[in-house]
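Student: Next comes the structure file start36.txt, holding compact mmCIF, C-alpha atoms.
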# COMPACT_ATOMS: atom_id res chain seq x y z
CA MET A 1 39.26 -28.74 46.03
CA GLN A 2 35.64 -29.65 46.47
CA SER A 3 33.09 -28.02 44.19
CA LEU A 4 30.23 -26.18 45.86
CA PRO A 5 26.65 -26.75 44.70
CA LEU A 6 25.05 -24.24 42.33
CA TYR A 7 22.62 -21.83 43.91
CA CYS A 8 19.90 -19.53 42.67
CA ILE A 9 18.27 -16.77 44.64
CA GLN A 10 14.52 -16.45 44.23
CA GLY A 11 12.07 -14.67 46.45
CA GLY A 12 14.82 -13.92 48.97
CA ASN A 13 15.65 -17.60 49.47
CA ILE A 14 18.74 -19.48 48.32
CA LYS A 15 17.95 -22.84 46.77
CA THR A 16 19.93 -25.29 44.70
CA ALA A 17 19.94 -24.36 41.03
CA GLU A 18 18.02 -27.51 40.13
CA ALA A 19 15.16 -26.43 42.43
CA VAL A 20 14.35 -23.08 40.82
CA LYS A 21 14.51 -21.30 37.51
CA PRO A 22 17.19 -18.59 37.24
CA GLY A 23 16.08 -15.31 38.71
CA GLY A 24 16.80 -12.35 40.92
CA ILE A 25 17.68 -8.89 39.66
CA PHE A 26 20.49 -7.10 41.46
CA ALA A 27 23.32 -4.62 41.05
CA GLY A 28 21.87 -2.28 38.47
CA GLY A 29 19.95 -4.90 36.52
CA CYS A 30 22.34 -7.86 36.51
CA ARG A 31 20.66 -11.24 36.71
CA PHE A 32 22.39 -13.70 38.99
CA GLU A 33 21.78 -17.22 37.75
CA ALA A 34 24.28 -19.59 39.36
CA PHE A 35 27.37 -19.67 41.57
CA SER A 36 29.82 -22.42 42.39
CA PHE A 37 33.45 -22.48 43.47
CA GLY A 38 35.39 -20.75 40.68
CA SER A 39 32.38 -19.92 38.51
CA ILE A 40 29.46 -17.49 38.40
CA ARG A 41 26.77 -17.00 35.75
CA ILE A 42 25.39 -13.47 35.33
CA ASN A 43 22.95 -12.48 32.57
CA GLY A 44 23.55 -15.83 30.84
CA VAL A 45 27.35 -15.42 30.76
CA THR A 46 29.57 -17.72 32.81
CA TYR A 47 32.67 -16.13 34.35
CA GLU A 48 35.53 -18.22 35.71
CA HIS A 49 37.44 -15.32 37.23
CA ASP A 50 36.74 -12.65 39.83
CA VAL A 51 34.22 -10.07 38.62
CA VAL A 52 33.46 -6.41 39.22
CA ILE A 53 29.86 -5.22 38.85
CA ASP A 54 29.75 -1.50 38.20
CA ARG A 55 26.29 0.01 37.64
CA GLY A 56 25.08 -3.09 35.85
CA GLU A 57 28.22 -3.68 33.78
CA VAL A 58 30.18 -6.85 34.54
CA ARG A 59 33.93 -6.97 33.95
CA LYS A 60 36.93 -9.01 35.02
CA ARG A 61 38.64 -7.92 38.23
CA LYS A 62 42.13 -6.75 37.30
CA LYS A 63 44.08 -7.60 40.43
CA LYS A 64 47.58 -7.08 39.02
CA PRO A 65 48.01 -3.68 40.78
CA SER A 66 47.39 -5.43 44.13
CA LYS A 67 49.82 -8.32 43.59
CA LYS A 68 52.68 -6.33 45.14
CA PHE A 69 50.88 -6.66 48.51
CA ARG A 70 50.46 -10.45 48.29
CA ASP A 71 53.44 -11.35 50.48
CA GLY A 72 51.99 -9.40 53.40
CA PHE A 73 48.68 -11.27 53.21
CA GLY A 74 49.41 -14.71 51.77
CA HIS A 75 46.83 -13.94 49.07
CA THR A 76 46.45 -11.07 46.61
CA PRO A 77 44.32 -8.56 48.58
CA LEU A 78 41.83 -6.01 47.34
CA SER A 79 43.66 -2.67 47.39
CA THR A 80 42.94 0.90 46.34
CA GLU A 81 45.43 0.35 43.49
CA GLU A 82 42.64 -1.49 41.63
CA LYS A 83 39.75 0.10 39.73
CA ILE A 84 37.13 -0.14 42.46
CA PRO A 85 33.57 0.77 41.37
CA TRP A 86 33.04 3.65 43.82
CA LYS A 87 30.06 5.26 42.03
CA CYS A 88 27.46 3.76 44.34
CA ARG A 89 25.98 4.10 47.80
CA ARG A 90 26.86 0.54 48.75
CA LEU A 91 29.79 -1.65 47.70
CA VAL A 92 29.53 -5.38 48.38
CA ILE A 93 32.78 -7.34 48.41
CA GLY A 94 32.49 -11.11 48.15
CA THR A 95 35.56 -12.72 49.69
CA GLY A 96 35.10 -16.23 48.26
CA THR A 97 34.98 -18.55 51.26
CA GLY A 98 36.50 -15.73 53.33
CA ALA A 99 40.10 -15.74 52.09
CA LEU A 100 40.19 -12.48 50.07
CA PRO A 101 41.84 -9.84 52.27
CA VAL A 102 40.51 -6.28 52.01
CA MET A 103 43.19 -3.74 52.81
CA ASP A 104 42.50 -1.06 55.42
CA GLU A 105 43.02 1.62 52.75
CA VAL A 106 39.93 0.30 50.91
CA LYS A 107 37.87 0.59 54.10
CA LYS A 108 39.18 4.12 54.73
CA GLU A 109 38.45 5.18 51.15
CA ALA A 110 34.89 3.83 51.38
CA LYS A 111 34.36 5.85 54.55
CA ARG A 112 35.86 8.98 52.94
CA ARG A 113 33.51 8.57 49.96
CA HIS A 114 30.48 7.83 52.19
CA VAL A 115 30.04 4.42 50.57
CA GLN A 116 28.64 1.65 52.77
CA LEU A 117 31.08 -1.26 52.56
CA LEU A 118 29.94 -4.83 53.11
CA VAL A 119 32.63 -7.53 53.21
CA LEU A 120 31.10 -11.01 53.16
CA PRO A 121 31.74 -14.52 51.85
CA THR A 122 30.67 -14.53 48.20
CA ALA A 123 27.54 -16.66 48.71
CA LYS A 124 26.30 -14.18 51.35
CA ALA A 125 27.40 -11.22 49.19
CA ILE A 126 25.20 -12.46 46.34
CA GLU A 127 22.27 -12.61 48.73
CA GLU A 128 22.96 -9.04 49.87
CA LEU A 129 23.02 -7.79 46.28
CA ARG A 130 19.26 -8.25 46.14
CA GLU A 131 18.77 -5.23 48.43
CA ASN A 132 18.80 -1.74 46.84
CA PRO A 133 20.31 -3.10 43.61
CA GLU A 134 20.27 0.22 41.78
CA GLU A 135 22.65 1.74 44.32
CA THR A 136 24.97 -1.25 44.80
CA ASN A 137 28.18 -2.26 43.05
CA ALA A 138 30.18 -5.39 43.80
CA ILE A 139 33.52 -7.14 43.62
CA LEU A 140 33.14 -10.93 43.80
CA HIS A 141 36.02 -13.33 44.47
CA LEU A 142 35.02 -16.75 43.20
CA THR A 143 37.47 -19.08 44.89
CA CYS A 144 39.02 -19.74 48.31
Take the structure from the file and write it as structure tokens.

Tutor:
Amino acid sequence: MQSLPLYCIQGGNIKTAEAVKPGGIFAGGCRFEAFSFGSIRINGVTYEHDVVIDRGEVRKRKKKPSKKFRDGFGHTPLSTEEKIPWKCRRLVIGTGTGALPVMDEVKKEAKRRHVQLLVLPTAKAIEELRENPEETNAILHLTC
């Protein structure tokens, strides 16, 4: 697989990491510093697995509860069986390059909870996280 270039977001623009210093506050005070295929750096910590951002806290996405749905999607989807960070007004889901399926039950639950749901490729999701950061949580898939 080909590695994607590192990006930083500064002043609303995405530039290569070499072009700007790390910056950009989002999602309850998290600082996004770099993203490439399979890796993201937030607040100086590099993660090489999917992450959940819940009111400024970053944790590993625990997708095991969703694995039982994998055969129906060809990829482990995001399901309501997982611990989704619902305590927000907006939930941004980064789908990697677009391969992470989001089950209809997640969309229905977001609507029931009156949470705006944005499902975007991860690079675009990171850009979106700059808007209303104090009211936005995220789930970011880092590959495919």

Student: Compile the contact shell of Ile126 of chain A as a ChimeraX atom specification: residues with an atom at most 8 Å away, counting all atoms listed in the file, same-chain residues fewer than 4 positions apart removed.

Tutor: /A:32,94,122,130

Student: State, in Å with one decimal place, the distance from atom CA of His114 of chain A to atom CA of His49 of chain A.

Tutor: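 Value for the atom CA of His114 of chain A-atom CA of His49 of chain A distance: 28.4 Å.
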
Student: Measuring atom to atom with only C-alpha atoms, identify which of A:Ser66, A:Asn43, A:Ser79, A:Thr136 is nearest to Ala27 of chain A.

Tutor: A:Thr136

Student: Using atom CA of Pro101 of chain A and atom CA of Leu78 of chain A as the two end points, give the distance in Å to one decimal.

Tutor: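 Going from atom CA of Pro101 of chain A over to atom CA of Leu78 of chain A covers 6.2 Å.
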
Student: What's the 12 Å shell around Leu120 of chain A, counting all atoms listed in the file, without same-chain residues fewer than 5 positions away, as an mmCIF file with C-alpha atoms, in the coordinates of the input?

Tutor:
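Result written to result-v9.cif:
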data_model
loop_
_atom_site.group_PDB
_atom_site.id
_atom_site.type_symbol
_atom_site.label_atom_id
_atom_site.label_comp_id
_atom_site.auth_asym_id
_atom_site.auth_seq_id
_atom_site.Cartn_x
_atom_site.Cartn_y
_atom_site.Cartn_z
ATOM 1 C CA LEU A 91 29.790 -1.650 47.700
ATOM 2 C CA VAL A 92 29.530 -5.380 48.380
ATOM 3 C CA ILE A 93 32.780 -7.340 48.410
ATOM 4 C CA GLY A 94 32.490 -11.110 48.150
ATOM 5 C CA THR A 95 35.560 -12.720 49.690
ATOM 6 C CA GLY A 96 35.100 -16.230 48.260
ATOM 7 C CA THR A 97 34.980 -18.550 51.260
ATOM 8 C CA GLY A 98 36.500 -15.730 53.330
ATOM 9 C CA ALA A 99 40.100 -15.740 52.090
ATOM 10 C CA LEU A 100 40.190 -12.480 50.070
ATOM 11 C CA PRO A 101 41.840 -9.840 52.270
ATOM 12 C CA VAL A 102 40.510 -6.280 52.010
ATOM 13 C CA ALA A 125 27.400 -11.220 49.190
ATOM 14 C CA ILE A 126 25.200 -12.460 46.340
ATOM 15 C CA GLU A 127 22.270 -12.610 48.730
ATOM 16 C CA GLU A 128 22.960 -9.040 49.870
ATOM 17 C CA LEU A 129 23.020 -7.790 46.280
ATOM 18 C CA ALA A 138 30.180 -5.390 43.800
ATOM 19 C CA ILE A 139 33.520 -7.140 43.620
ATOM 20 C CA LEU A 140 33.140 -10.930 43.800
ATOM 21 C CA HIS A 141 36.020 -13.330 44.470
#

Student: For Asn137 of chain A, which of A:Lys83, A:Arg112, A:Arg61, A:Arg90 is the closest residue, counting all atoms listed in the file?

Tutor: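 The answer is A:Arg90, which sits nearest to Asn137 of chain A.
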
Student: Any idea what the distance is between atom CA of Gly72 of chain A and atom CA of Glu109 of chain A?

Tutor: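 Going from atom CA of Gly72 of chain A over to atom CA of Glu109 of chain A covers 20.0 Å.
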
Student: I'd like the contact shell of Lys67 of chain A - 6 Å cut-off, only C-alpha atoms, skipping same-chain residues fewer than 3 positions apart - returned as a ChimeraX atom specification.

Tutor: /A:64,70,76

Student: Any chance you could tabulate, as CSV, the residues of segment 46-107 of chain A at most 7 Å from segment 37-42 of chain A with each one's nearest atom pair and distance in Å to one decimal, using only C-alpha atoms, in chain and rising number order?

Tutor:
residue,atom,partner,partner_atom,distance
A:Thr46,CA,A:Arg41,CA,4.1
A:Tyr47,CA,A:Ile40,CA,5.3
A:Glu48,CA,A:Ser39,CA,4.5
A:His49,CA,A:Gly38,CA,6.8

Student: Using all atoms listed in the file, which residue out of A:Arg89, A:Phe35, A:Gly74, A:Met103 lies closest to Val115 of chain A?

Tutor: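 Closest candidate: A:Arg89.
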
Student: For the structure just given, write the atoms of segment 7-115 of chain A, namely C-alpha atoms, as a PDB file, in the first residue's frame.

Tutor:
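Final file, selection-v1.pdb:
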ATOM      1  CA  TYR A   7      -0.743  16.944   6.456  1.00  0.00           C
ATOM      2  CA  CYS A   8      -1.247  19.738   8.930  1.00  0.00           C
ATOM      3  CA  ILE A   9      -4.224  22.029   9.107  1.00  0.00           C
ATOM      4  CA  GLN A  10      -3.464  25.676   9.758  1.00  0.00           C
ATOM      5  CA  GLY A  11      -5.668  28.658   9.161  1.00  0.00           C
ATOM      6  CA  GLY A  12      -8.304  26.462   7.537  1.00  0.00           C
ATOM      7  CA  ASN A  13      -5.900  25.205   4.867  1.00  0.00           C
ATOM      8  CA  ILE A  14      -4.390  21.737   4.529  1.00  0.00           C
ATOM      9  CA  LYS A  15      -0.683  21.800   3.737  1.00  0.00           C
ATOM     10  CA  THR A  16       2.045  19.206   3.811  1.00  0.00           C
ATOM     11  CA  ALA A  17       3.491  18.772   7.286  1.00  0.00           C
ATOM     12  CA  GLU A  18       6.863  20.063   6.145  1.00  0.00           C
ATOM     13  CA  ALA A  19       5.252  23.363   5.079  1.00  0.00           C
ATOM     14  CA  VAL A  20       3.756  24.390   8.420  1.00  0.00           C
ATOM     15  CA  LYS A  21       4.291  23.981  12.122  1.00  0.00           C
ATOM     16  CA  PRO A  22       1.787  21.707  13.894  1.00  0.00           C
ATOM     17  CA  GLY A  23      -1.412  23.481  14.765  1.00  0.00           C
ATOM     18  CA  GLY A  24      -5.174  23.526  14.800  1.00  0.00           C
ATOM     19  CA  ILE A  25      -7.310  22.970  17.879  1.00  0.00           C
ATOM     20  CA  PHE A  26     -10.343  20.743  17.442  1.00  0.00           C
ATOM     21  CA  ALA A  27     -12.618  18.266  19.187  1.00  0.00           C
ATOM     22  CA  GLY A  28     -12.617  19.621  22.706  1.00  0.00           C
ATOM     23  CA  GLY A  29      -9.032  20.842  22.721  1.00  0.00           C
ATOM     24  CA  CYS A  30      -7.206  18.081  20.841  1.00  0.00           C
ATOM     25  CA  ARG A  31      -4.345  19.275  18.681  1.00  0.00           C
ATOM     26  CA  PHE A  32      -4.123  17.572  15.312  1.00  0.00           C
ATOM     27  CA  GLU A  33      -0.521  17.481  14.178  1.00  0.00           C
ATOM     28  CA  ALA A  34      -0.134  14.943  11.363  1.00  0.00           C
ATOM     29  CA  PHE A  35      -2.010  12.252   9.467  1.00  0.00           C
ATOM     30  CA  SER A  36      -0.851   9.586   7.054  1.00  0.00           C
ATOM     31  CA  PHE A  37      -2.187   6.187   6.037  1.00  0.00           C
ATOM     32  CA  GLY A  38      -2.286   4.116   9.242  1.00  0.00           C
ATOM     33  CA  SER A  39      -1.032   6.852  11.564  1.00  0.00           C
ATOM     34  CA  ILE A  40      -2.261  10.033  13.234  1.00  0.00           C
ATOM     35  CA  ARG A  41      -0.536  12.334  15.722  1.00  0.00           C
ATOM     36  CA  ILE A  42      -2.754  14.121  18.257  1.00  0.00           C
ATOM     37  CA  ASN A  43      -1.390  16.226  21.125  1.00  0.00           C
ATOM     38  CA  GLY A  44       2.115  14.906  20.434  1.00  0.00           C
ATOM     39  CA  VAL A  45       1.071  11.231  20.616  1.00  0.00           C
ATOM     40  CA  THR A  46       1.198   9.043  17.519  1.00  0.00           C
ATOM     41  CA  TYR A  47      -1.584   6.474  17.163  1.00  0.00           C
ATOM     42  CA  GLU A  48      -1.348   3.583  14.713  1.00  0.00           C
ATOM     43  CA  HIS A  49      -4.900   2.357  15.209  1.00  0.00           C
ATOM     44  CA  ASP A  50      -8.374   3.816  14.807  1.00  0.00           C
ATOM     45  CA  VAL A  51      -9.163   6.459  17.416  1.00  0.00           C
ATOM     46  CA  VAL A  52     -12.206   7.819  19.198  1.00  0.00           C
ATOM     47  CA  ILE A  53     -12.183  11.453  20.337  1.00  0.00           C
ATOM     48  CA  ASP A  54     -14.678  11.992  23.129  1.00  0.00           C
ATOM     49  CA  ARG A  55     -14.823  15.508  24.605  1.00  0.00           C
ATOM     50  CA  GLY A  56     -11.095  15.977  24.180  1.00  0.00           C
ATOM     51  CA  GLU A  57     -10.054  12.503  25.346  1.00  0.00           C
ATOM     52  CA  VAL A  58      -8.428  10.255  22.748  1.00  0.00           C
ATOM     53  CA  ARG A  59      -8.761   6.481  23.016  1.00  0.00           C
ATOM     54  CA  LYS A  60      -8.408   3.422  20.820  1.00  0.00           C
ATOM     55  CA  ARG A  61     -11.505   2.381  18.887  1.00  0.00           C
ATOM     56  CA  LYS A  62     -12.580  -1.002  20.217  1.00  0.00           C
ATOM     57  CA  LYS A  63     -14.174  -2.559  17.156  1.00  0.00           C
ATOM     58  CA  LYS A  64     -14.459  -6.126  18.462  1.00  0.00           C
ATOM     59  CA  PRO A  65     -18.234  -5.791  19.130  1.00  0.00           C
ATOM     60  CA  SER A  66     -18.728  -4.926  15.427  1.00  0.00           C
ATOM     61  CA  LYS A  67     -16.656  -7.802  14.020  1.00  0.00           C
ATOM     62  CA  LYS A  68     -19.709 -10.076  13.904  1.00  0.00           C
ATOM     63  CA  PHE A  69     -21.073  -7.855  11.100  1.00  0.00           C
ATOM     64  CA  ARG A  70     -17.903  -8.016   8.975  1.00  0.00           C
ATOM     65  CA  ASP A  71     -19.104 -10.727   6.584  1.00  0.00           C
ATOM     66  CA  GLY A  72     -22.052  -8.592   5.517  1.00  0.00           C
ATOM     67  CA  PHE A  73     -19.812  -5.644   4.637  1.00  0.00           C
ATOM     68  CA  GLY A  74     -16.419  -7.063   3.660  1.00  0.00           C
ATOM     69  CA  HIS A  75     -14.900  -4.844   6.354  1.00  0.00           C
ATOM     70  CA  THR A  76     -15.609  -4.435  10.063  1.00  0.00           C
ATOM     71  CA  PRO A  77     -18.290  -1.699  10.104  1.00  0.00           C
ATOM     72  CA  LEU A  78     -19.038   0.909  12.732  1.00  0.00           C
ATOM     73  CA  SER A  79     -22.048  -0.394  14.659  1.00  0.00           C
ATOM     74  CA  THR A  80     -24.061   0.652  17.689  1.00  0.00           C
ATOM     75  CA  GLU A  81     -22.463  -2.288  19.527  1.00  0.00           C
ATOM     76  CA  GLU A  82     -19.358  -0.101  19.976  1.00  0.00           C
ATOM     77  CA  LYS A  83     -18.877   2.659  22.548  1.00  0.00           C
ATOM     78  CA  ILE A  84     -19.772   5.603  20.325  1.00  0.00           C
ATOM     79  CA  PRO A  85     -19.106   9.051  21.862  1.00  0.00           C
ATOM     80  CA  TRP A  86     -22.691  10.346  21.697  1.00  0.00           C
ATOM     81  CA  LYS A  87     -22.276  13.221  24.200  1.00  0.00           C
ATOM     82  CA  CYS A  88     -21.945  15.906  21.539  1.00  0.00           C
ATOM     83  CA  ARG A  89     -23.953  17.924  19.065  1.00  0.00           C
ATOM     84  CA  ARG A  90     -21.924  16.698  16.110  1.00  0.00           C
ATOM     85  CA  LEU A  91     -20.189  13.365  15.502  1.00  0.00           C
ATOM     86  CA  VAL A  92     -17.633  13.189  12.701  1.00  0.00           C
ATOM     87  CA  ILE A  93     -16.781   9.738  11.369  1.00  0.00           C
ATOM     88  CA  GLY A  94     -13.624   9.446   9.293  1.00  0.00           C
ATOM     89  CA  THR A  95     -13.908   6.445   6.987  1.00  0.00           C
ATOM     90  CA  GLY A  96     -10.236   6.183   5.995  1.00  0.00           C
ATOM     91  CA  THR A  97     -10.171   6.422   2.213  1.00  0.00           C
ATOM     92  CA  GLY A  98     -13.903   5.648   2.239  1.00  0.00           C
ATOM     93  CA  ALA A  99     -13.903   1.947   3.090  1.00  0.00           C
ATOM     94  CA  LEU A 100     -15.271   2.009   6.673  1.00  0.00           C
ATOM     95  CA  PRO A 101     -18.967   1.110   6.481  1.00  0.00           C
ATOM     96  CA  VAL A 102     -21.316   2.870   8.910  1.00  0.00           C
ATOM     97  CA  MET A 103     -24.321   0.730   9.735  1.00  0.00           C
ATOM     98  CA  ASP A 104     -27.813   2.180   9.321  1.00  0.00           C
ATOM     99  CA  GLU A 105     -28.427   1.648  13.050  1.00  0.00           C
ATOM    100  CA  VAL A 106     -25.687   4.212  13.806  1.00  0.00           C
ATOM    101  CA  LYS A 107     -27.372   6.740  11.526  1.00  0.00           C
ATOM    102  CA  LYS A 108     -30.762   6.062  13.135  1.00  0.00           C
ATOM    103  CA  GLU A 109     -29.323   6.385  16.643  1.00  0.00           C
ATOM    104  CA  ALA A 110     -27.683   9.704  15.754  1.00  0.00           C
ATOM    105  CA  LYS A 111     -31.026  10.990  14.499  1.00  0.00           C
ATOM    106  CA  ARG A 112     -32.816   9.731  17.627  1.00  0.00           C
ATOM    107  CA  ARG A 113     -30.257  11.515  19.816  1.00  0.00           C
ATOM    108  CA  HIS A 114     -30.381  14.708  17.702  1.00  0.00           C
ATOM    109  CA  VAL A 115     -26.671  14.413  16.919  1.00  0.00           C
TER     110      VAL A 115
END
